[in-house]
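> Please find one structure pasted underneath; my questions will follow.
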There are 2 protein chains.
Amino acid sequence: MTPEDLPASELAAVQVAVSPIDKFREYLSTRGMKLTVERSIIVEEVFSDHEHFDAEQLVARLSRRQDGRSVSRSSVYRTLGYMKEAGLLRKVARSHDREIYEHDYGYPQHDHLICSKCGTLIEFHNDAVSDILEEVAARHGFRMAGHRLEVYGLCAECSRPRRSRLDRI
Amino acid sequence: MTPEDLPASELAAVQVAVSPIDKFREYLSTRGMKLTVERSIIVEEVFSDHEHFDAEQLVARLSRRQDGRSVSRSSVYRTLGYMKEAGLLRKVARSHDREIYEHDYGYPQHDHLICSKCGTLIEFHNDAVSDILEEVAARHGFRMAGHRLEVYGLCAECSRPRRSRLDRI
DNA sequence: TTTCGTGCAAAGCCTTTGCATCCAT
DNA sequence: ATGGATGCAAAGGCTTTGCACGAAA
């Protein structure tokens, strides 16, 4: 119950009162579930950086650990689901038939520009969008819980014309 | 190689009102492909109403036809892909692990409110959203090609409390 | 002991693909 | 004769699940 085993440095970096692991523990307890060693490892790995990731990449990162703290693929998938329910993660896109996750805790709401060519995800935030959606939802008697906005196109890098391509025939 | 087999009348009407089937034929011809009987059946079935659908539903609708004009599942999937490339369809969401399609030809751009409970899709259009996205994209040197905006939550119907559910212990 | 969790393998599902056959917008 | 297209079945690839064993309270 008590978060006394958490490094203060991490708490500061997340900029929230409760660390992800604590929030997860809290969520689990309300469902009669436990914060097991495996679940802790997964949360730690997931929040070790802010990059987007998919289940398989996470499995790979976990199996690459040299401390022998590995977790099975099944547990990874199951835990990602719980973390999403707990509000720690959210699915932001789908790439190559895989769900892409990102932190949904400790970071402000934002959306993405997705390059159709290289797959790069560029985050952006715009309050006006949220306001508009609130208004639209209200007009339809719809109780908005969240949204997913993906803008497709080509990033600056990929939209730059290249001679090599024009040379082909 | 040359598009000389295209009726001049159709070329002239391109910017105006070309039927989905014609637009598809045109697209196919530019790729050296043919508008076969099966592809025509699929286009006809898809544009027989404006509802959203997924591949399996379309397969079901086609197999339900009494005129013996059936099409295999393979062809349905393959053709949906071509129709998307041709600009006739677009994927708007993903529900129950299936891609949801809708017409992308002859209908104005719009987005959706998606009920997390019953899966209902409510369409809405808002110019401000498009404007904002154009601006955001420009600011990032991103060449926007399109977007996908899904608002999650509960529709008016599903957000209404029901006694019957409370009765269950 | 009892309950919940893990890991493995197998199953599920949607979607794609290899290949022989078919056919003609 | 000639490509492209179809249809069937099998393969793919991500994700879920059944089940026996394991660990913690």
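Letters A, B, ... go to the chains of the structure tokens in the order shown; residues in each chain start at 1; ligands are counted from 1 in the same order.
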I want to know what sits within 12 Å of DT15 of chain D, based on only C-alpha atoms (C1' of nucleotides), with residues of the same chain fewer than 6 positions away left out; could you give that as a list in words?
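That gives Asp54, Ala55, Glu56, Arg73, Ser74, Ser75, Val76, Tyr77, Arg78, Leu80, Gly81, Asp97, Arg98 and Glu99 of chain A; Asp97 of chain B; DA11, DG12, DC13 and DC14 of chain C.
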> Output N, CA and C atoms (P, O5', C5', C4', C3', O3' and C1' of nucleotides) for every residue in the selection just made, as an mmCIF file, in the first residue's frame.

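Saved result, out-v6.cif, follows:
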```
data_model
loop_
_atom_site.group_PDB
_atom_site.id
_atom_site.type_symbol
_atom_site.label_atom_id
_atom_site.label_comp_id
_atom_site.auth_asym_id
_atom_site.auth_seq_id
_atom_site.Cartn_x
_atom_site.Cartn_y
_atom_site.Cartn_z
ATOM 1 N N ASP A 54 5.108 -1.211 -29.273
ATOM 2 C CA ASP A 54 4.052 -2.199 -29.460
ATOM 3 C C ASP A 54 4.418 -3.405 -28.597
ATOM 4 N N ALA A 55 3.491 -4.284 -28.437
ATOM 5 C CA ALA A 55 3.677 -5.438 -27.564
ATOM 6 C C ALA A 55 4.936 -6.239 -27.876
ATOM 7 N N GLU A 56 5.173 -6.493 -29.132
ATOM 8 C CA GLU A 56 6.333 -7.301 -29.493
ATOM 9 C C GLU A 56 7.652 -6.611 -29.161
ATOM 10 N N ARG A 73 5.508 -13.692 -22.867
ATOM 11 C CA ARG A 73 4.715 -12.919 -23.823
ATOM 12 C C ARG A 73 3.267 -12.809 -23.339
ATOM 13 N N SER A 74 2.737 -13.881 -22.834
ATOM 14 C CA SER A 74 1.355 -13.868 -22.345
ATOM 15 C C SER A 74 1.158 -12.796 -21.293
ATOM 16 N N SER A 75 2.064 -12.762 -20.336
ATOM 17 C CA SER A 75 1.934 -11.770 -19.267
ATOM 18 C C SER A 75 2.054 -10.356 -19.795
ATOM 19 N N VAL A 76 2.873 -10.180 -20.795
ATOM 20 C CA VAL A 76 3.031 -8.845 -21.358
ATOM 21 C C VAL A 76 1.699 -8.392 -21.955
ATOM 22 N N TYR A 77 1.111 -9.231 -22.767
ATOM 23 C CA TYR A 77 -0.160 -8.861 -23.386
ATOM 24 C C TYR A 77 -1.233 -8.632 -22.327
ATOM 25 N N ARG A 78 -1.277 -9.535 -21.357
ATOM 26 C CA ARG A 78 -2.298 -9.391 -20.329
ATOM 27 C C ARG A 78 -2.092 -8.111 -19.533
ATOM 28 N N LEU A 80 -0.499 -5.376 -20.425
ATOM 29 C CA LEU A 80 -0.726 -4.159 -21.214
ATOM 30 C C LEU A 80 -2.214 -3.824 -21.171
ATOM 31 N N GLY A 81 -3.016 -4.860 -21.218
ATOM 32 C CA GLY A 81 -4.454 -4.639 -21.159
ATOM 33 C C GLY A 81 -4.865 -4.009 -19.834
ATOM 34 N N ASP A 97 -0.058 -3.900 -38.497
ATOM 35 C CA ASP A 97 -0.929 -4.833 -37.786
ATOM 36 C C ASP A 97 -0.645 -4.951 -36.302
ATOM 37 N N ARG A 98 0.032 -3.970 -35.766
ATOM 38 C CA ARG A 98 0.287 -4.014 -34.334
ATOM 39 C C ARG A 98 -0.258 -2.753 -33.676
ATOM 40 N N GLU A 99 -0.750 -2.909 -32.469
ATOM 41 C CA GLU A 99 -1.266 -1.770 -31.737
ATOM 42 C C GLU A 99 -0.074 -1.016 -31.165
ATOM 43 N N ASP B 97 -11.680 -6.012 -33.856
ATOM 44 C CA ASP B 97 -10.560 -6.502 -34.663
ATOM 45 C C ASP B 97 -10.832 -6.504 -36.154
ATOM 46 P P DA C 11 -4.816 -26.648 -31.020
ATOM 47 O "O5'" DA C 11 -5.819 -25.423 -30.847
ATOM 48 C "C5'" DA C 11 -6.344 -25.164 -29.557
ATOM 49 C "C4'" DA C 11 -6.963 -23.785 -29.525
ATOM 50 C "C3'" DA C 11 -7.854 -23.491 -30.727
ATOM 51 O "O3'" DA C 11 -9.023 -22.852 -30.235
ATOM 52 C "C1'" DA C 11 -6.206 -21.798 -30.512
ATOM 53 P P DG C 12 -10.317 -22.813 -31.170
ATOM 54 O "O5'" DG C 12 -10.475 -21.249 -31.345
ATOM 55 C "C5'" DG C 12 -9.399 -20.377 -31.028
ATOM 56 C "C4'" DG C 12 -9.862 -18.966 -31.081
ATOM 57 C "C3'" DG C 12 -10.763 -18.659 -32.273
ATOM 58 O "O3'" DG C 12 -11.601 -17.561 -31.948
ATOM 59 C "C1'" DG C 12 -8.615 -17.683 -32.594
ATOM 60 P P DC C 13 -12.913 -17.297 -32.756
ATOM 61 O "O5'" DC C 13 -12.512 -15.996 -33.552
ATOM 62 C "C5'" DC C 13 -11.134 -15.592 -33.527
ATOM 63 C "C4'" DC C 13 -10.998 -14.303 -34.253
ATOM 64 C "C3'" DC C 13 -11.734 -14.276 -35.590
ATOM 65 O "O3'" DC C 13 -12.203 -12.962 -35.878
ATOM 66 C "C1'" DC C 13 -9.377 -14.298 -35.957
ATOM 67 P P DC C 14 -13.083 -12.700 -37.135
ATOM 68 O "O5'" DC C 14 -12.083 -11.806 -37.982
ATOM 69 C "C5'" DC C 14 -11.609 -10.610 -37.398
ATOM 70 C "C4'" DC C 14 -10.413 -10.121 -38.168
ATOM 71 C "C3'" DC C 14 -10.686 -9.749 -39.627
ATOM 72 O "O3'" DC C 14 -10.015 -8.521 -39.898
ATOM 73 C "C1'" DC C 14 -8.954 -11.357 -39.524
#
```
> Compute the chain B side of the contact with chain A at 9 Å, counting only C-alpha atoms, and hand it back as JSON, numbers by chain.
{"B": [113, 115, 122, 124, 125, 126, 128, 129, 132, 133, 136, 137, 140, 141, 142, 143, 144, 145, 146, 147, 148, 149, 150, 151, 152, 153, 154, 155, 156, 157, 159]}
> Compute the chain D side of the contact with chain A at 9 Å, counting only C-alpha atoms (C1' of nucleotides), and hand it back as a list in words.
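So the residues of chain D near chain A are DG13, DC14, DT15 and DT16 of chain D.
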> Can you state the RMSD, in Å, between chain A and chain B once they are superposed by least squares on every Cα paired in order?
4.1 Å
> Neighbours of DC21 of chain D within 12 Å (only C-alpha atoms (C1' of nucleotides); same-chain residues fewer than 3 positions away dropped), as a PyMOL selection string?
chain C and resi 5-8
> For DA25 of chain D, which residue out of C:DA20, C:DT25, C:DA9, C:DT3 is the nearest one, using only C-alpha atoms (C1' of nucleotides)?
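For DA25 of chain D, the nearest of the candidates is C:DT3.
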> How would you write, as a ChimeraX atom specification, the set of residues in segment 13-119 of chain A that DSSP gives as alpha helix (DSSP H)?
/A:13-14,20-30,37-46,55-64,73-85
> Would you mind exporting the chosen residues as a short mmCIF file (atom, residue, chain, number, x, y, z; two decimals), in the first residue's frame, restricted to N, CA and C atoms?

```cif
data_model
loop_
_atom_site.label_atom_id
_atom_site.label_comp_id
_atom_site.auth_asym_id
_atom_site.auth_seq_id
_atom_site.Cartn_x
_atom_site.Cartn_y
_atom_site.Cartn_z
N ALA A 13 10.42 13.16 -11.92
CA ALA A 13 10.48 13.16 -13.37
C ALA A 13 9.10 13.00 -13.99
N VAL A 14 8.25 12.26 -13.34
CA VAL A 14 6.94 12.01 -13.90
C VAL A 14 5.99 13.18 -13.72
N PRO A 20 3.56 5.73 -11.59
CA PRO A 20 2.81 4.77 -12.38
C PRO A 20 2.60 3.46 -11.62
N ILE A 21 3.66 3.02 -10.99
CA ILE A 21 3.57 1.74 -10.29
C ILE A 21 2.55 1.81 -9.15
N ASP A 22 2.48 2.97 -8.49
CA ASP A 22 1.51 3.11 -7.42
C ASP A 22 0.09 3.18 -7.96
N LYS A 23 -0.01 3.89 -9.04
CA LYS A 23 -1.34 4.00 -9.63
C LYS A 23 -1.81 2.63 -10.09
N PHE A 24 -0.89 1.85 -10.60
CA PHE A 24 -1.23 0.51 -11.06
C PHE A 24 -1.60 -0.38 -9.88
N ARG A 25 -0.83 -0.27 -8.82
CA ARG A 25 -1.11 -1.09 -7.64
C ARG A 25 -2.51 -0.78 -7.12
N GLU A 26 -2.81 0.51 -7.15
CA GLU A 26 -4.11 0.94 -6.66
C GLU A 26 -5.24 0.35 -7.51
N TYR A 27 -5.03 0.44 -8.82
CA TYR A 27 -6.02 -0.09 -9.75
C TYR A 27 -6.23 -1.58 -9.52
N LEU A 28 -5.12 -2.30 -9.42
CA LEU A 28 -5.20 -3.74 -9.24
C LEU A 28 -5.93 -4.11 -7.95
N SER A 29 -5.64 -3.39 -6.91
CA SER A 29 -6.27 -3.72 -5.62
C SER A 29 -7.79 -3.59 -5.68
N THR A 30 -8.24 -2.62 -6.46
CA THR A 30 -9.69 -2.44 -6.56
C THR A 30 -10.37 -3.59 -7.30
N VAL A 37 5.61 -9.50 -9.22
CA VAL A 37 6.95 -9.12 -9.67
C VAL A 37 6.93 -8.87 -11.16
N GLU A 38 6.29 -9.77 -11.90
CA GLU A 38 6.24 -9.62 -13.36
C GLU A 38 5.57 -8.31 -13.76
N ARG A 39 4.48 -8.00 -13.13
CA ARG A 39 3.77 -6.76 -13.48
C ARG A 39 4.62 -5.53 -13.17
N SER A 40 5.36 -5.62 -12.09
CA SER A 40 6.22 -4.50 -11.72
C SER A 40 7.31 -4.30 -12.78
N ILE A 41 7.87 -5.41 -13.21
CA ILE A 41 8.93 -5.35 -14.21
C ILE A 41 8.41 -4.69 -15.49
N ILE A 42 7.23 -5.09 -15.87
CA ILE A 42 6.64 -4.53 -17.09
C ILE A 42 6.40 -3.03 -16.96
N VAL A 43 5.83 -2.62 -15.86
CA VAL A 43 5.58 -1.20 -15.66
C VAL A 43 6.89 -0.42 -15.68
N GLU A 44 7.87 -0.98 -15.03
CA GLU A 44 9.17 -0.31 -14.97
C GLU A 44 9.76 -0.15 -16.38
N GLU A 45 9.70 -1.23 -17.13
CA GLU A 45 10.26 -1.21 -18.48
C GLU A 45 9.50 -0.22 -19.36
N VAL A 46 8.19 -0.26 -19.26
CA VAL A 46 7.37 0.63 -20.07
C VAL A 46 7.63 2.10 -19.77
N ALA A 55 3.49 -4.28 -28.44
CA ALA A 55 3.68 -5.44 -27.56
C ALA A 55 4.94 -6.24 -27.88
N GLU A 56 5.17 -6.49 -29.13
CA GLU A 56 6.33 -7.30 -29.49
C GLU A 56 7.65 -6.61 -29.16
N GLN A 57 7.68 -5.31 -29.32
CA GLN A 57 8.91 -4.58 -28.99
C GLN A 57 9.16 -4.66 -27.49
N LEU A 58 8.10 -4.59 -26.74
CA LEU A 58 8.24 -4.67 -25.29
C LEU A 58 8.73 -6.06 -24.90
N VAL A 59 8.19 -7.07 -25.54
CA VAL A 59 8.61 -8.44 -25.26
C VAL A 59 10.10 -8.56 -25.54
N ALA A 60 10.53 -7.96 -26.63
CA ALA A 60 11.94 -8.01 -27.02
C ALA A 60 12.81 -7.31 -25.98
N ARG A 61 12.37 -6.13 -25.56
CA ARG A 61 13.13 -5.38 -24.56
C ARG A 61 13.26 -6.17 -23.27
N LEU A 62 12.19 -6.82 -22.88
CA LEU A 62 12.20 -7.58 -21.64
C LEU A 62 13.10 -8.81 -21.74
N SER A 63 13.10 -9.44 -22.89
CA SER A 63 13.91 -10.63 -23.03
C SER A 63 15.39 -10.27 -23.16
N ARG A 64 15.66 -9.00 -23.44
CA ARG A 64 17.03 -8.54 -23.62
C ARG A 64 17.68 -8.19 -22.28
N ARG A 73 5.51 -13.69 -22.87
CA ARG A 73 4.72 -12.92 -23.82
C ARG A 73 3.27 -12.81 -23.34
N SER A 74 2.74 -13.88 -22.83
CA SER A 74 1.35 -13.87 -22.34
C SER A 74 1.16 -12.80 -21.29
N SER A 75 2.06 -12.76 -20.34
CA SER A 75 1.93 -11.77 -19.27
C SER A 75 2.05 -10.36 -19.80
N VAL A 76 2.87 -10.18 -20.79
CA VAL A 76 3.03 -8.85 -21.36
C VAL A 76 1.70 -8.39 -21.95
N TYR A 77 1.11 -9.23 -22.77
CA TYR A 77 -0.16 -8.86 -23.39
C TYR A 77 -1.23 -8.63 -22.33
N ARG A 78 -1.28 -9.53 -21.36
CA ARG A 78 -2.30 -9.39 -20.33
C ARG A 78 -2.09 -8.11 -19.53
N THR A 79 -0.86 -7.86 -19.18
CA THR A 79 -0.56 -6.68 -18.38
C THR A 79 -0.79 -5.37 -19.14
N LEU A 80 -0.50 -5.38 -20.42
CA LEU A 80 -0.73 -4.16 -21.21
C LEU A 80 -2.21 -3.82 -21.17
N GLY A 81 -3.02 -4.86 -21.22
CA GLY A 81 -4.45 -4.64 -21.16
C GLY A 81 -4.86 -4.01 -19.83
N TYR A 82 -4.30 -4.51 -18.76
CA TYR A 82 -4.63 -3.96 -17.45
C TYR A 82 -4.12 -2.53 -17.31
N MET A 83 -2.94 -2.29 -17.84
CA MET A 83 -2.37 -0.95 -17.74
C MET A 83 -3.21 0.05 -18.50
N LYS A 84 -3.79 -0.42 -19.57
CA LYS A 84 -4.65 0.46 -20.34
C LYS A 84 -5.90 0.77 -19.52
N GLU A 85 -6.45 -0.27 -18.92
CA GLU A 85 -7.64 -0.09 -18.09
C GLU A 85 -7.35 0.83 -16.92
#
```
> Enumerate as a ChimeraX atom specification all residues of segment 37-157 of chain B assigned to strand (DSSP E) by DSSP on the backbone, naming them with the chain letters and numbers the document uses.
/B:53-54,89-95,98-103,111-115,121-124,143-154
> Do a neighbour search on His50 of chain A at 10 Å with only C-alpha atoms (C1' of nucleotides), toss out local chain neighbours closer than 6 positions, and write the hits as a list in words.
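Listing them by chain and then by number gives Glu102, His103 and Tyr107 of chain A.
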> Go ahead and write the selection's residues with C-alpha atoms as a PDB file, in the first residue's frame.

```pdb
ATOM      1  CA  GLU A 102       2.103   5.296 -25.384  1.00  0.00           C
ATOM      2  CA  HIS A 103       2.009   6.656 -21.857  1.00  0.00           C
ATOM      3  CA  TYR A 107       1.837  13.373 -19.893  1.00  0.00           C
TER       4      TYR A 107
END
```
> Using only C-alpha atoms (C1' of nucleotides), find the one residue out of C:DT16, C:DA10, C:DT21, C:DC4 that sits nearest to chain A.
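The shortest atom-to-atom distance to chain A comes from C:DC4.
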> Between atom CA of Thr120 of chain B and atom CA of Arg31 of chain A, what is the distance in Å, rounded to a tenth?
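Rounded to one decimal, the two atoms are 28.7 Å apart.
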> Can you tell me, as a ChimeraX atom specification, what residues are no more than 12 Å from DG3 of chain D when counting only C-alpha atoms (C1' of nucleotides), ignoring any on the same chain fewer than 3 positions away?
/B:32-34 /C:23-24
> Go ahead and write the selection's residues with N, CA and C atoms (P, O5', C5', C4', C3', O3' and C1' of nucleotides) as a PDB file, in the first residue's frame.

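New file selection-v6.pdb:
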```pdb
ATOM      1  N   GLY B  32      -3.402  -1.322 -65.491  1.00  0.00           N
ATOM      2  CA  GLY B  32      -3.414  -2.498 -66.347  1.00  0.00           C
ATOM      3  C   GLY B  32      -4.296  -3.600 -65.809  1.00  0.00           C
ATOM      4  N   MET B  33      -5.306  -3.213 -65.046  1.00  0.00           N
ATOM      5  CA  MET B  33      -6.195  -4.207 -64.457  1.00  0.00           C
ATOM      6  C   MET B  33      -7.575  -4.094 -65.092  1.00  0.00           C
ATOM      7  N   LYS B  34      -8.371  -5.119 -64.853  1.00  0.00           N
ATOM      8  CA  LYS B  34      -9.690  -5.143 -65.484  1.00  0.00           C
ATOM      9  C   LYS B  34     -10.852  -5.003 -64.516  1.00  0.00           C
TER      10      LYS B  34
ATOM     11  P    DC C  23     -14.520 -20.502 -66.848  1.00  0.00           P
ATOM     12  O5'  DC C  23     -14.172 -19.066 -67.417  1.00  0.00           O
ATOM     13  C5'  DC C  23     -13.885 -18.001 -66.521  1.00  0.00           C
ATOM     14  C4'  DC C  23     -13.401 -16.805 -67.310  1.00  0.00           C
ATOM     15  C3'  DC C  23     -13.985 -16.729 -68.718  1.00  0.00           C
ATOM     16  O3'  DC C  23     -14.264 -15.375 -69.021  1.00  0.00           O
ATOM     17  C1'  DC C  23     -11.650 -16.660 -68.838  1.00  0.00           C
ATOM     18  P    DA C  24     -15.636 -15.020 -69.728  1.00  0.00           P
ATOM     19  O5'  DA C  24     -15.328 -13.529 -70.152  1.00  0.00           O
ATOM     20  C5'  DA C  24     -14.603 -12.683 -69.254  1.00  0.00           C
ATOM     21  C4'  DA C  24     -13.641 -11.820 -70.034  1.00  0.00           C
ATOM     22  C3'  DA C  24     -14.209 -11.393 -71.383  1.00  0.00           C
ATOM     23  O3'  DA C  24     -13.873 -10.023 -71.620  1.00  0.00           O
ATOM     24  C1'  DA C  24     -12.167 -12.567 -71.703  1.00  0.00           C
TER      25       DA C  24
END
```
> Please compute the atom CA of Arg90 of chain A-atom CA of Gln109 of chain B distance, one decimal, in Å.
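Calculated distance between atom CA of Arg90 of chain A and atom CA of Gln109 of chain B is 26.3 Å.
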> Quote the spacing between atom CA of Asp127 of chain A and atom CA of Glu135 of chain B in Å to one decimal place.
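These two atoms are separated by 13.4 Å.
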